[in-house]
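Colleague: Just one file: query.tsv, with TSV, C-alpha atoms and all ligand atoms.
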```tsv
chain	number	residue	atom	x	y	z
A	1	MET	CA	4.21	-1.05	25.48
A	2	THR	CA	7.59	0.60	25.01
A	3	PHE	CA	10.11	-0.60	22.46
A	4	THR	CA	13.45	0.50	21.08
A	5	GLU	CA	13.78	1.10	17.35
A	6	ALA	CA	16.02	-1.97	17.11
A	7	GLU	CA	13.28	-4.09	18.68
A	8	LEU	CA	10.60	-2.83	16.29
A	9	LEU	CA	12.91	-3.65	13.38
A	10	GLY	CA	13.78	-7.08	14.80
A	11	ASN	CA	13.27	-10.25	12.78
A	12	HIS	CA	12.09	-13.75	13.58
A	13	ARG	CA	14.69	-16.41	12.97
A	14	VAL	CA	14.00	-18.08	9.63
A	15	ALA	CA	15.03	-21.57	8.56
A	16	GLU	CA	15.27	-20.57	4.91
A	17	PRO	CA	15.46	-17.17	3.19
A	18	LEU	CA	13.05	-16.10	0.45
A	19	ILE	CA	14.72	-16.07	-2.94
A	20	ALA	CA	12.58	-15.11	-5.93
A	21	GLY	CA	13.85	-15.22	-9.50
A	22	GLY	CA	17.41	-15.14	-8.16
A	23	VAL	CA	16.64	-12.13	-5.95
A	24	ARG	CA	17.19	-12.37	-2.19
A	25	CYS	CA	14.05	-10.91	-0.63
A	26	HIS	CA	13.11	-10.02	2.93
A	27	GLY	CA	11.27	-12.49	5.13
A	28	GLY	CA	11.70	-16.26	4.89
A	29	PHE	CA	10.28	-19.59	5.94
A	30	ASP	CA	10.05	-21.22	9.35
A	31	ASP	CA	10.84	-24.85	10.14
A	32	ASP	CA	7.41	-25.90	8.85
A	33	GLY	CA	7.86	-23.99	5.59
A	34	ALA	CA	5.38	-21.24	6.48
A	35	TYR	CA	6.21	-17.74	5.27
A	36	VAL	CA	7.36	-15.30	7.98
A	37	SER	CA	7.14	-11.55	7.30
A	38	PRO	CA	10.17	-9.36	8.01
A	39	ARG	CA	10.51	-7.18	11.11
A	40	THR	CA	7.49	-8.69	12.86
A	41	LEU	CA	9.12	-10.27	15.95
A	42	HIS	CA	8.10	-7.39	18.26
A	43	ARG	CA	6.21	-5.12	15.86
A	44	VAL	CA	3.12	-7.33	15.52
A	45	PRO	CA	2.61	-8.04	19.26
A	46	ALA	CA	3.33	-4.36	19.96
A	47	ILE	CA	0.57	-3.20	17.60
A	48	ASP	CA	-1.91	-5.62	19.20
A	49	ALA	CA	-0.96	-4.41	22.67
A	50	TRP	CA	-1.26	-0.72	21.78
A	51	LEU	CA	-4.66	-1.18	20.22
A	52	ALA	CA	-5.96	-3.20	23.19
A	53	GLN	CA	-4.61	-0.55	25.55
A	54	ASN	CA	-6.31	2.24	23.63
A	55	SER	CA	-9.64	0.40	23.64
A	56	ALA	CA	-9.35	-0.18	27.39
A	57	THR	CA	-8.49	3.47	28.05
A	58	PHE	CA	-11.09	5.14	25.84
A	59	GLY	CA	-13.75	2.43	25.50
A	60	THR	CA	-13.71	2.79	21.71
A	61	SER	CA	-13.12	0.46	18.81
A	62	ALA	CA	-10.53	0.93	16.08
A	63	ILE	CA	-11.04	2.94	12.93
A	64	GLU	CA	-12.16	0.53	10.23
A	65	VAL	CA	-12.44	0.91	6.48
A	66	PRO	CA	-13.99	-2.13	4.81
A	67	LEU	CA	-12.45	-3.44	1.60
A	68	ASP	CA	-15.77	-3.17	-0.23
A	69	THR	CA	-15.55	0.60	0.14
A	70	TRP	CA	-13.81	0.24	-3.24
A	71	PRO	CA	-14.84	-1.75	-6.31
A	72	VAL	CA	-12.69	-4.67	-7.47
A	73	HIS	CA	-9.48	-4.17	-9.41
A	74	PHE	CA	-9.54	-2.65	-12.89
A	75	PRO	CA	-9.01	-4.45	-15.20
A	76	ASN	CA	-10.87	-7.31	-13.55
A	77	GLU	CA	-9.69	-10.92	-13.61
A	78	ALA	CA	-11.70	-11.83	-16.74
A	79	GLN	CA	-10.26	-8.82	-18.58
A	80	ALA	CA	-6.73	-9.73	-17.50
A	81	ARG	CA	-7.15	-13.29	-18.73
A	82	HIS	CA	-8.64	-12.05	-22.01
A	83	LEU	CA	-5.67	-9.73	-22.70
A	84	ILE	CA	-3.15	-12.50	-22.07
A	85	THR	CA	-4.95	-15.13	-24.16
A	86	SER	CA	-5.38	-12.56	-26.96
A	87	GLY	CA	-1.62	-12.05	-27.07
A	88	VAL	CA	-1.69	-8.60	-25.44
A	89	PRO	CA	0.08	-9.16	-22.09
A	90	GLU	CA	1.81	-5.75	-22.13
A	91	PRO	CA	-0.87	-3.83	-20.16
A	92	LEU	CA	-0.55	-6.43	-17.38
A	93	ILE	CA	3.23	-6.25	-17.46
A	94	ALA	CA	2.79	-2.48	-17.23
A	95	THR	CA	0.34	-2.79	-14.33
A	96	LEU	CA	2.68	-5.06	-12.32
A	97	THR	CA	5.51	-2.60	-13.00
A	98	ARG	CA	3.32	0.26	-11.86
A	99	ILE	CA	2.31	-1.55	-8.65
A	100	GLY	CA	5.97	-2.25	-7.84
A	101	THR	CA	6.90	1.36	-8.53
A	102	VAL	CA	4.11	2.66	-6.30
A	103	GLU	CA	5.21	0.25	-3.54
A	104	GLY	CA	8.69	1.76	-3.81
A	105	PHE	CA	7.27	5.27	-3.40
A	106	GLY	CA	5.50	4.03	-0.24
A	107	ALA	CA	8.92	4.00	1.42
A	108	ASN	CA	8.84	7.80	1.49
A	109	ILE	CA	6.83	7.50	4.70
A	110	ARG	CA	10.17	7.01	6.47
A	111	TYR	CA	11.11	10.63	5.68
A	112	LEU	CA	8.38	11.98	7.94
A	113	GLU	CA	9.87	13.45	11.09
A	114	PRO	CA	7.36	13.24	13.94
A	115	GLY	CA	9.81	14.31	16.65
A	116	ASP	CA	8.21	14.48	20.09
A	117	LEU	CA	4.44	14.53	19.51
A	118	GLN	CA	3.49	14.83	23.20
A	119	PRO	CA	3.16	18.65	23.12
A	120	HIS	CA	0.36	18.27	20.54
A	121	PHE	CA	-1.82	15.98	22.68
A	122	ASP	CA	-3.50	16.64	26.01
A	123	GLU	CA	-3.37	13.00	27.13
A	124	ASP	CA	-0.23	10.99	27.80
A	125	ILE	CA	1.17	9.28	24.69
A	126	ARG	CA	3.84	7.18	26.38
A	127	GLY	CA	3.55	3.51	25.38
A	128	THR	CA	1.42	4.19	22.29
A	129	ALA	CA	1.81	3.61	18.56
A	130	ILE	CA	1.84	7.42	18.14
A	131	ASP	CA	4.97	7.60	20.26
A	132	HIS	CA	6.71	4.90	18.18
A	133	LEU	CA	5.96	6.31	14.69
A	134	GLY	CA	9.37	7.94	14.45
A	135	LYS	CA	11.04	5.26	16.57
A	136	GLY	CA	10.80	2.27	14.25
A	137	LEU	CA	7.29	2.07	12.78
A	138	PHE	CA	7.80	4.35	9.76
A	139	GLU	CA	11.28	2.90	9.23
A	140	ALA	CA	10.02	-0.71	9.27
A	141	HIS	CA	7.30	0.25	6.80
A	142	GLY	CA	9.82	1.91	4.48
A	143	ARG	CA	12.14	-1.08	4.57
A	144	ASP	CA	9.27	-3.47	3.82
A	145	GLU	CA	8.27	-1.48	0.73
A	146	ALA	CA	11.61	-0.57	-0.82
A	147	GLY	CA	13.96	-3.16	0.63
A	148	TRP	CA	16.85	-2.81	3.03
A	149	GLU	CA	20.55	-3.51	2.52
A	150	GLU	CA	20.91	-6.73	0.54
A	151	GLU	CA	17.28	-7.81	0.97
A	152	ALA	CA	14.74	-6.78	-1.67
A	153	GLY	CA	11.36	-5.44	-0.57
A	154	HIS	CA	7.94	-5.19	-2.20
A	155	LYS	CA	9.08	-3.04	-5.10
A	156	ASP	CA	11.46	-5.70	-6.38
A	157	MET	CA	9.17	-8.56	-5.31
A	158	TRP	CA	6.48	-7.27	-7.70
A	159	PHE	CA	9.08	-6.93	-10.44
A	160	ALA	CA	10.21	-10.51	-9.72
A	161	ALA	CA	6.60	-11.74	-9.88
A	162	ARG	CA	6.21	-9.99	-13.24
A	163	ASP	CA	9.41	-11.49	-14.59
A	164	LEU	CA	8.49	-15.00	-13.39
A	165	ALA	CA	5.03	-14.82	-14.97
A	166	PHE	CA	6.09	-13.23	-18.24
A	167	GLU	CA	9.61	-14.67	-18.46
A	168	SER	CA	11.64	-11.47	-18.12
A	169	PRO	CA	9.61	-9.23	-20.40
A	170	THR	CA	11.34	-6.00	-19.51
A	171	ALA	CA	13.63	-6.08	-22.54
A	172	LYS	CA	10.57	-5.85	-24.80
A	173	VAL	CA	8.81	-3.08	-22.89
A	174	ASP	CA	10.12	0.47	-22.59
A	175	ILE	CA	9.49	0.94	-18.87
A	176	GLU	CA	10.20	4.67	-18.92
A	177	ALA	CA	7.77	5.33	-21.75
A	178	MET	CA	5.18	3.14	-20.08
A	179	LEU	CA	5.41	4.96	-16.73
A	180	GLU	CA	5.16	8.24	-18.64
A	181	ARG	CA	1.99	7.07	-20.41
A	182	MET	CA	0.54	5.93	-17.09
A	183	GLY	CA	0.87	9.42	-15.68
A	184	PHE	CA	3.94	9.23	-13.47
A	185	GLY	CA	5.74	12.44	-12.70
A	186	ALA	CA	2.44	14.31	-12.98
A	187	SER	CA	0.72	15.89	-9.97
A	188	GLY	CA	0.44	14.06	-6.68
A	189	GLY	CA	-3.26	13.60	-7.36
A	190	ALA	CA	-6.36	14.97	-5.73
A	191	GLY	CA	-6.65	15.50	-1.99
A	192	SER	CA	-3.10	16.84	-1.66
A	193	ILE	CA	-2.00	16.84	1.96
A	194	ALA	CA	-0.18	20.14	1.40
A	195	GLU	CA	-3.50	22.01	1.64
A	196	ARG	CA	-4.60	22.48	5.22
A	197	VAL	CA	-7.99	21.29	6.46
A	198	LEU	CA	-7.26	21.69	10.19
A	199	PRO	CA	-7.37	24.90	12.25
A	200	ASP	CA	-4.28	27.12	11.89
A	201	ASP	CA	-3.14	26.61	15.48
A	202	VAL	CA	-2.76	22.84	14.98
A	203	ASP	CA	0.85	21.92	14.27
A	204	HIS	CA	1.31	21.76	10.50
A	205	ASN	CA	3.81	18.90	10.65
A	206	LEU	CA	1.33	16.80	12.65
A	207	GLU	CA	-1.36	17.53	10.05
A	208	ILE	CA	0.98	16.43	7.24
A	209	ILE	CA	1.89	13.25	9.11
A	210	ALA	CA	-1.73	12.33	9.88
A	211	GLY	CA	-2.71	13.27	6.31
A	212	LEU	CA	-0.13	10.98	4.75
A	213	MET	CA	-0.96	8.17	7.18
A	214	VAL	CA	-4.64	8.28	6.21
A	215	ARG	CA	-3.81	8.34	2.49
A	216	VAL	CA	-1.44	5.41	2.87
A	217	LEU	CA	-3.91	3.46	5.02
A	218	LEU	CA	-6.58	3.77	2.32
A	219	ILE	CA	-4.08	2.60	-0.32
A	220	GLU	CA	-2.95	-0.31	1.88
A	221	VAL	CA	-6.50	-1.55	2.47
A	222	GLN	CA	-7.48	-1.14	-1.17
A	223	ALA	CA	-4.37	-3.12	-2.14
A	224	PHE	CA	-6.06	-6.27	-0.86
A	225	HIS	CA	-8.25	-6.09	-3.99
A	226	THR	CA	-5.06	-5.99	-6.04
A	227	PHE	CA	-3.57	-9.00	-4.25
A	228	ALA	CA	-6.71	-11.11	-4.74
A	229	TRP	CA	-6.83	-10.11	-8.41
A	230	ALA	CA	-3.15	-10.77	-9.09
A	231	GLU	CA	-3.07	-14.07	-7.18
A	232	ALA	CA	-6.13	-15.30	-9.11
A	233	TRP	CA	-4.52	-15.19	-12.54
A	234	LEU	CA	-0.81	-15.41	-11.63
A	235	SER	CA	-1.51	-18.80	-10.02
A	236	ASP	CA	-2.86	-20.21	-13.32
A	237	ALA	CA	0.01	-22.22	-14.80
A	238	ASP	CA	-1.90	-22.58	-18.07
A	239	LEU	CA	-2.09	-18.81	-18.44
A	240	VAL	CA	1.32	-17.51	-17.32
A	241	ALA	CA	4.81	-18.90	-16.70
A	242	GLY	CA	6.44	-19.54	-13.34
A	243	ASP	CA	4.35	-22.49	-12.10
A	244	GLY	CA	2.43	-20.33	-9.66
A	245	ARG	CA	5.56	-18.89	-8.03
A	246	ALA	CA	4.54	-15.36	-9.01
A	247	ALA	CA	1.24	-15.78	-7.13
A	248	ASP	CA	3.13	-17.16	-4.11
A	249	LEU	CA	5.26	-14.01	-4.07
A	250	VAL	CA	2.16	-11.83	-4.12
A	251	SER	CA	0.75	-13.81	-1.19
A	252	TYR	CA	3.95	-13.07	0.80
A	253	ILE	CA	3.64	-9.36	0.00
A	254	ARG	CA	0.02	-9.50	1.12
A	255	ALA	CA	1.07	-11.05	4.46
A	256	ASP	CA	3.64	-8.27	4.97
A	257	GLU	CA	0.98	-5.57	4.48
A	258	THR	CA	-1.07	-6.64	7.50
A	259	PRO	CA	1.18	-4.87	10.05
A	260	HIS	CA	1.12	-1.74	7.85
A	261	VAL	CA	-2.64	-1.58	8.06
A	262	GLY	CA	-2.33	-2.49	11.76
A	263	TYR	CA	0.00	0.26	12.93
A	264	LEU	CA	-1.57	3.00	10.78
A	265	LYS	CA	-5.03	2.09	12.05
A	266	THR	CA	-3.83	1.93	15.64
A	267	ALA	CA	-1.98	5.25	15.66
A	268	LEU	CA	-4.84	7.03	13.85
A	269	THR	CA	-7.32	5.56	16.35
A	270	GLU	CA	-5.14	6.83	19.22
A	271	MET	CA	-5.09	10.29	17.60
A	272	ARG	CA	-8.85	10.21	17.05
A	273	ASP	CA	-9.51	9.38	20.72
A	274	ARG	CA	-7.23	12.10	22.11
A	275	THR	CA	-7.53	15.84	22.53
A	276	TRP	CA	-5.27	17.83	20.22
A	277	LEU	CA	-3.56	20.94	21.54
A	278	GLY	CA	-3.14	23.99	19.31
A	279	SER	CA	-0.11	26.26	19.61
A	280	GLY	CA	-1.90	28.64	22.01
A	281	GLY	CA	-3.22	25.80	24.13
A	282	ARG	CA	-6.62	25.66	22.42
A	283	LYS	CA	-8.17	22.17	22.54
A	284	HIS	CA	-9.57	20.30	19.55
A	285	ALA	CA	-11.44	16.99	19.55
A	286	GLY	CA	-9.30	14.34	17.84
A	287	ALA	CA	-12.42	12.86	16.26
A	288	ASP	CA	-12.99	16.16	14.46
A	289	MET	CA	-9.32	16.45	13.37
A	290	ILE	CA	-9.07	12.89	12.04
A	291	GLY	CA	-12.59	13.17	10.60
A	292	ARG	CA	-11.67	16.16	8.43
A	293	ILE	CA	-8.50	14.51	7.17
A	294	TRP	CA	-10.30	11.24	6.61
A	295	ASP	CA	-13.16	12.74	4.59
A	296	ARG	CA	-10.81	14.56	2.22
A	297	ALA	CA	-8.67	11.46	1.65
A	298	LEU	CA	-11.65	9.16	1.09
A	299	ASP	CA	-13.23	11.60	-1.38
A	300	ALA	CA	-10.00	11.71	-3.38
A	301	SER	CA	-9.55	7.95	-3.23
A	302	LEU	CA	-13.07	7.18	-4.45
A	303	GLY	CA	-13.26	10.12	-6.85
A	304	GLU	CA	-10.51	11.90	-8.72
A	305	ASN	CA	-7.58	9.58	-7.95
A	306	ARG	CA	-9.59	6.55	-8.91
A	307	ARG	CA	-10.71	8.15	-12.16
A	308	GLN	CA	-7.13	9.11	-13.09
A	309	SER	CA	-5.79	5.67	-12.32
A	310	ARG	CA	-8.52	3.94	-14.38
A	311	GLN	CA	-7.82	6.27	-17.29
A	312	ALA	CA	-4.09	5.55	-17.14
A	313	ILE	CA	-4.71	1.80	-17.22
A	314	LEU	CA	-7.23	2.15	-20.05
A	315	ASN	CA	-4.76	4.24	-22.07
A	316	GLU	CA	-2.23	1.46	-21.71
A	317	VAL	CA	-4.75	-1.21	-22.77
A	318	GLU	CA	-5.73	0.81	-25.86
A	319	HIS	CA	-2.12	1.58	-26.70
A	320	TRP	CA	-1.20	-2.10	-26.89
A	321	CYS	CA	-4.44	-3.46	-28.36
A	322	LEU	CA	-4.48	-0.97	-31.22
A	323	ARG	CA	-1.00	-2.00	-32.37
A	324	ARG	CA	-2.55	-5.29	-33.49
A	325	PRO	CA	-4.55	-5.85	-36.66
A	326	ASP	CA	-7.47	-7.31	-34.65
A	327	GLY	CA	-7.01	-4.71	-31.91
A	328	GLN	CA	-10.51	-3.25	-32.16
A	329	ASP	CA	-12.02	-6.71	-31.59
A	330	VAL	CA	-9.76	-7.41	-28.61
A	331	LEU	CA	-10.69	-4.03	-27.17
A	332	ALA	CA	-14.42	-4.55	-27.75
A	333	GLU	CA	-14.29	-7.87	-25.91
A	334	PHE	CA	-12.23	-6.22	-23.12
A	335	HIS	CA	-15.01	-3.67	-22.57
A	336	HIS	CA	-17.66	-6.37	-22.84
A	337	LEU	CA	-16.01	-8.19	-19.90
A	338	ALA	CA	-16.20	-5.15	-17.62
A	339	ASP	CA	-18.28	-5.54	-14.51
A	340	ALA	CA	-21.72	-4.03	-14.60
A	341	PRO	CA	-21.46	-0.58	-13.02
A	342	ALA	CA	-22.43	-0.55	-9.37
A	343	ALA	CA	-25.94	0.67	-8.67
A	401	FE	FE	3.94	-3.08	0.24
A	402	FE	FE	2.43	-1.52	2.64
```
Output the file's structure as structure tokens, nothing else.
Ligand SMILES: [Fe+2]
Ligand SMILES: [Fe+2]

Modeller:
Amino acid sequence: MTFTEAELLGNHRVAEPLIAGGVRCHGGFDDDGAYVSPRTLHRVPAIDAWLAQNSATFGTSAIEVPLDTWPVHFPNEAQARHLITSGVPEPLIATLTRIGTVEGFGANIRYLEPGDLQPHFDEDIRGTAIDHLGKGLFEAHGRDEAGWEEEAGHKDMWFAARDLAFESPTAKVDIEAMLERMGFGASGGAGSIAERVLPDDVDHNLEIIAGLMVRVLLIEVQAFHTFAWAEAWLSDADLVAGDGRAADLVSYIRADETPHVGYLKTALTEMRDRTWLGSGGRKHAGADMIGRIWDRALDASLGENRRQSRQAILNEVEHWCLRRPDGQDVLAEFHHLADAPAA
């Protein structure tokens, strides 16, 4: 139940490293050729043990957020295929670039500084995920997303998948202009964690940490829609280049995300089941604290942030379609292929 930072960052031995499009990535393959995620030697069993311990102590089950909380990826698979076969791959190149860029930003979680969180909880936190957030868990997460030393992480793995599928398209696409059009550098979106939703006597740093963890958890779960979508068309050798290697890369990224969902869920469940202590010793039910943070984040995820992200993608689709003489037709068919709106 207790691990050093070095242990939580420890790797399995791999028989062969993962090299994608000439880029040395994290993780690798075991003797049977199965992909092994980085930094999972102790981290994965630790997460399982902490969650089991919490369930045994409090008689509760873990916080869950089902994937179908969110609709499927936009554009959907049929729309993605249509754009490529119509000679308008740029919005997909842009989307893969955007996903990689967002993955890179995910590494910012390592800049959170939990310090000793025990004073903020009534119950003992020794041997919990909460107690290991600043002792390896955030750092492992950051390294997985942005890479570490000579090994590339998810950011560059998405870029490699893009370059395999579209045969190094970056020279043709102005990445800076594209990110600008897709709304980067703008506000941090709705549901900003800077605004407090918890009582004033609750430690502000703890609220920021829990707020970011919930936001990231929702993004991590939702990403499984993105993986399924990307793997579906990137694996089609008749549609894109790379003989399915781009889809394989996405499947490795997907495998690496499981411990991210795991530790965030576990630590947030531990926080939910504990009593929070305000600065004057006032007690607050963890279920109420996590509930308030959760509701705000889910509202933003399903509402304003989703709307902004859809609009950014649509802008990019229109931008590229309308540069073509038959652009209006391609666009009309794109809209025709949209899923029927949910009831
Ligand atoms: Fe990732
Ligand atoms: Fe992740």

Colleague: Neighbours of Asp288 of chain A within 12 Å (only C-alpha atoms; same-chain residues fewer than 3 positions away dropped), as a PyMOL selection string?

Modeller: chain A and resi 197-199+271-276+283-285+291-295

Colleague: Please report, as a tab-separated table, each residue of chain A lying at most 6 Å from ligand FE 402 (chain A), together with the nearest pair of atoms and the separation in Å rounded to one decimal; use only C-alpha atoms and all ligand atoms, and order rows by chain and ascending residue number.

Modeller:
```
residue	atom	partner	partner_atom	distance
A:Glu220	CA	A:FE402	FE	5.6
A:Glu257	CA	A:FE402	FE	4.7
A:His260	CA	A:FE402	FE	5.4
```

Colleague: For ligand FE 401 (chain A), which of A:His26, A:His154, A:His82, A:Arg126 is the closest residue, counting only C-alpha atoms and all ligand atoms?

Modeller: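 Nearest candidate to ligand FE 401 (chain A) out of A:His26, A:His154, A:His82, A:Arg126: A:His154.
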
Colleague: When you count all atoms listed in the file, which of these residues is closest to Glu64 of chain A: A:Glu77, A:Trp229, A:Lys265, A:Thr97?

Modeller: A:Lys265

Colleague: In Å, how far is it from atom CA of Lys135 of chain A to atom CA of Asp48 of chain A?

Modeller: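 Going from atom CA of Lys135 of chain A over to atom CA of Asp48 of chain A, I get 17.1 Å.
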
Colleague: Which protein, DNA or RNA residues have an atom within 9 Å of ligand FE 401 (chain A), counting only C-alpha atoms and all ligand atoms, as a ChimeraX atom specification?

Modeller: /A:100,102-104,106-107,141-142,144-146,153-155,220,223,253-254,256-257,260

Colleague: Show which residues sit within 10 Å of segment 297-300 of chain A, as a list in words. Count all atoms listed in the file, and ignore same-chain residues fewer than 4 positions away.

Modeller: Val65, Thr69, Gly189, Ala190, Gly191, Ser192, Ile193, Gly211, Leu212, Val214, Arg215, Val216, Leu217, Leu218, Gly291, Arg292, Ile293, Glu304, Asn305, Arg306 and Arg307 of chain A

Colleague: Any idea what the distance is between atom CA of Phe3 of chain A and atom CA of Phe121 of chain A?

Modeller: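 The value is 20.4 Å.
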